[in-house]
Amino acid sequence: MKKQYIFPHRHILGMEQFSREDIAHILTTAESFKEISSRSIKKVPVLRGRTIVNLFFEPSTRTRLSFEVAAKRMSADTFNINASTSSTTKGETLIDTARNISAMHPDVIVLRHSSSGASQLLSQHVHAAVINAGDGAHQHPSQSLLDLMTVQECKDRLDGLKIAIIGDITHSRVARSNIQGFKTMGSNVYVFGPSTLIPMHIEELGAVRARTFQEALEGADVVMALRIQRERLHDPLLPSLREYAQRFGLSSDPLGWAKEDAIIMHPGPVNRGVEMSPEIADSSRSVILNQVSNGVAVRMALLYLVGNA
Ligand code: CP
């Protein structure tokens, strides 16, 4: 008899913690929840009585809102704390904030923070399950899972694909999570961008460092542009944004190298005319809004899996 799979993770901290079976299970769970969002009454009682705190120390539109929407669709009670309104502005440390929140007995804390490792640290000081909603340039696992779900929907598989990730790889938690996620599922990830924004040892993560735009895009099934993270670019590591758009921006010319049915992705927020032309962002190949819709389903799955553990 086949052994029953039991989701083995208390916290969601990064994509390196997941096996292929874990990712497949999360995506299957997300698929089963996705249909709830198209009902007229978008609510199921699976997390009734659970308390979820969204603790965001960095700006967010998609991630914060979709975690809140996901929690509410599963009947959980949700509370949002933003950096500007929290007592960290009065000098309280993250650990003290976490301990105080923990004293109110939440079941899940969703954390976004500018420091790599913040979610890991939090998980060691609270009773609640912790979900990393982006920690510095380190990891953004729920984004990677929604990206995997979107690719699986469009390509019917997650193995044997060529994934091209273009842009600022050094500062991108999305790139780091996606390199791990797509590698685990058996696809090849090529990265390309300004040489100052590609980490020295990117091959150690399992990505191929493309030397040219053409090498990155040739035969690609998926082309993902990354946001230029001006808030993390403290040194002048970039040419002007105009030059960046000319050399690294997605437009119909470079996309001619990719497969005809290649899909275009972006985690958002998009700097139109910089990372990609408005025509590409709005084209039929763009799945950017599918990514956002799948974000709700994936976050429902993650809250369900750790909220019921
Ligand atoms: N993709 C993403 O993390 O977007 P937000 O910063 O709006 O949450």
# chains A, B, ... in the order shown; residues from 1 in each chain; ligands from 1

call {"tool": "residues_near_ligand", "arguments": {"ligand": "ligand 1", "cutoff": "6 Å", "atoms": "only C-alpha atoms and all ligand atoms", "output": "JSON, numbers by chain"}}
result
{"A": [60, 61, 62, 63, 64, 267, 268, 269]}

call {"tool": "select_by_dssp", "arguments": {"residues": "range 225-308 of chain A", "states": "strand (DSSP E)", "output": "mmCIF file with N, CA and C atoms, in the first residue's frame"}}
result
data_model
loop_
_atom_site.group_PDB
_atom_site.id
_atom_site.type_symbol
_atom_site.label_atom_id
_atom_site.label_comp_id
_atom_site.auth_asym_id
_atom_site.auth_seq_id
_atom_site.Cartn_x
_atom_site.Cartn_y
_atom_site.Cartn_z
ATOM 1 N N ALA A 225 11.046 38.460 -16.370
ATOM 2 C CA ALA A 225 11.816 39.680 -16.110
ATOM 3 C C ALA A 225 11.679 40.025 -14.635
ATOM 4 N N ILE A 263 5.982 31.923 -22.570
ATOM 5 C CA ILE A 263 5.172 32.846 -21.774
ATOM 6 C C ILE A 263 6.073 33.876 -21.101
ATOM 7 N N ILE A 264 5.488 35.046 -20.829
ATOM 8 C CA ILE A 264 6.237 36.151 -20.221
ATOM 9 C C ILE A 264 5.725 36.344 -18.800
ATOM 10 N N MET A 265 6.672 36.378 -17.860
ATOM 11 C CA MET A 265 6.293 36.511 -16.452
ATOM 12 C C MET A 265 7.028 37.698 -15.812
#

call {"tool": "closest_atom_pairs", "arguments": {"of": "range 85-159 of chain A", "to": "range 272-286 of chain A", "cutoff": "12 Å", "atoms": "only C-alpha atoms", "output": "tab-separated table"}}
result
residue	atom	partner	partner_atom	distance
A:Thr150	CA	A:Ser286	CA	11.1
A:Val151	CA	A:Ser286	CA	11.6
A:Cys154	CA	A:Arg285	CA	10.3

call {"tool": "select_by_dssp", "arguments": {"residues": "range 169-306 of chain A", "states": "helix (DSSP H, G or I)", "output": "PyMOL selection string"}}
result
chain A and resi 173-184+195-197+202-205+213-217+230-232+241-248+252-255+278-281+288-306

call {"tool": "residues_around", "arguments": {"residues": "Arg209 in chain A", "least_positions_apart": "2", "cutoff": "8 Å", "atoms": "only C-alpha atoms", "output": "mmCIF file with all heavy atoms, in the first residue's frame"}}
result
data_model
loop_
_atom_site.group_PDB
_atom_site.id
_atom_site.type_symbol
_atom_site.label_atom_id
_atom_site.label_comp_id
_atom_site.auth_asym_id
_atom_site.auth_seq_id
_atom_site.Cartn_x
_atom_site.Cartn_y
_atom_site.Cartn_z
ATOM 1 N N TYR A 190 18.312 29.707 -16.819
ATOM 2 C CA TYR A 190 19.377 30.563 -17.344
ATOM 3 C C TYR A 190 19.166 31.957 -16.770
ATOM 4 O O TYR A 190 18.030 32.439 -16.737
ATOM 5 C CB TYR A 190 19.318 30.637 -18.873
ATOM 6 C CG TYR A 190 19.832 29.392 -19.566
ATOM 7 C CD1 TYR A 190 19.202 28.171 -19.413
ATOM 8 C CD2 TYR A 190 20.959 29.465 -20.389
ATOM 9 C CE1 TYR A 190 19.677 27.031 -20.026
ATOM 10 C CE2 TYR A 190 21.446 28.325 -21.025
ATOM 11 C CZ TYR A 190 20.802 27.118 -20.847
ATOM 12 O OH TYR A 190 21.276 25.989 -21.465
ATOM 13 N N VAL A 191 20.242 32.608 -16.335
ATOM 14 C CA VAL A 191 20.100 33.980 -15.837
ATOM 15 C C VAL A 191 20.936 34.914 -16.710
ATOM 16 O O VAL A 191 22.006 34.558 -17.203
ATOM 17 C CB VAL A 191 20.521 34.123 -14.351
ATOM 18 C CG1 VAL A 191 19.604 33.306 -13.446
ATOM 19 C CG2 VAL A 191 21.981 33.737 -14.137
ATOM 20 N N PHE A 192 20.423 36.138 -16.886
ATOM 21 C CA PHE A 192 21.144 37.132 -17.676
ATOM 22 C C PHE A 192 20.768 38.522 -17.165
ATOM 23 O O PHE A 192 19.614 38.763 -16.775
ATOM 24 C CB PHE A 192 20.785 37.023 -19.160
ATOM 25 C CG PHE A 192 21.524 38.011 -20.018
ATOM 26 C CD1 PHE A 192 22.896 37.919 -20.182
ATOM 27 C CD2 PHE A 192 20.848 39.047 -20.650
ATOM 28 C CE1 PHE A 192 23.586 38.853 -20.964
ATOM 29 C CE2 PHE A 192 21.531 39.980 -21.434
ATOM 30 C CZ PHE A 192 22.900 39.872 -21.589
ATOM 31 N N ILE A 202 26.730 32.154 -8.950
ATOM 32 C CA ILE A 202 25.343 31.799 -9.236
ATOM 33 C C ILE A 202 25.222 30.334 -9.692
ATOM 34 O O ILE A 202 24.210 29.676 -9.436
ATOM 35 C CB ILE A 202 24.746 32.768 -10.304
ATOM 36 C CG1 ILE A 202 23.230 32.610 -10.418
ATOM 37 C CG2 ILE A 202 25.400 32.623 -11.667
ATOM 38 C CD1 ILE A 202 22.464 33.094 -9.221
ATOM 39 N N GLU A 203 26.294 29.803 -10.331
ATOM 40 C CA GLU A 203 26.249 28.405 -10.803
ATOM 41 C C GLU A 203 26.077 27.440 -9.626
ATOM 42 O O GLU A 203 25.509 26.370 -9.792
ATOM 43 C CB GLU A 203 27.511 28.035 -11.585
ATOM 44 C CG GLU A 203 27.673 28.781 -12.904
ATOM 45 C CD GLU A 203 28.363 30.130 -12.760
ATOM 46 O OE1 GLU A 203 28.614 30.559 -11.603
ATOM 47 O OE2 GLU A 203 28.627 30.767 -13.798
ATOM 48 N N ALA A 207 22.042 27.502 -11.470
ATOM 49 C CA ALA A 207 21.622 28.265 -12.654
ATOM 50 C C ALA A 207 22.759 28.308 -13.678
ATOM 51 O O ALA A 207 23.928 28.150 -13.328
ATOM 52 C CB ALA A 207 21.247 29.681 -12.253
ATOM 53 N N ARG A 211 25.923 34.254 -21.324
ATOM 54 C CA ARG A 211 26.857 35.339 -21.644
ATOM 55 C C ARG A 211 26.196 36.421 -22.485
ATOM 56 O O ARG A 211 26.631 37.546 -22.542
ATOM 57 C CB ARG A 211 28.093 34.794 -22.367
ATOM 58 C CG ARG A 211 29.077 34.106 -21.406
ATOM 59 C CD ARG A 211 29.865 33.060 -22.104
ATOM 60 N NE ARG A 211 28.939 32.080 -22.685
ATOM 61 C CZ ARG A 211 29.273 31.120 -23.506
ATOM 62 N NH1 ARG A 211 30.503 30.984 -23.893
ATOM 63 N NH2 ARG A 211 28.367 30.268 -23.965
#

call {"tool": "atom_distance", "arguments": {"atom1": "CA of Leu302 in chain A", "atom2": "CA of Met15 in chain A"}}
result
12.8 Å
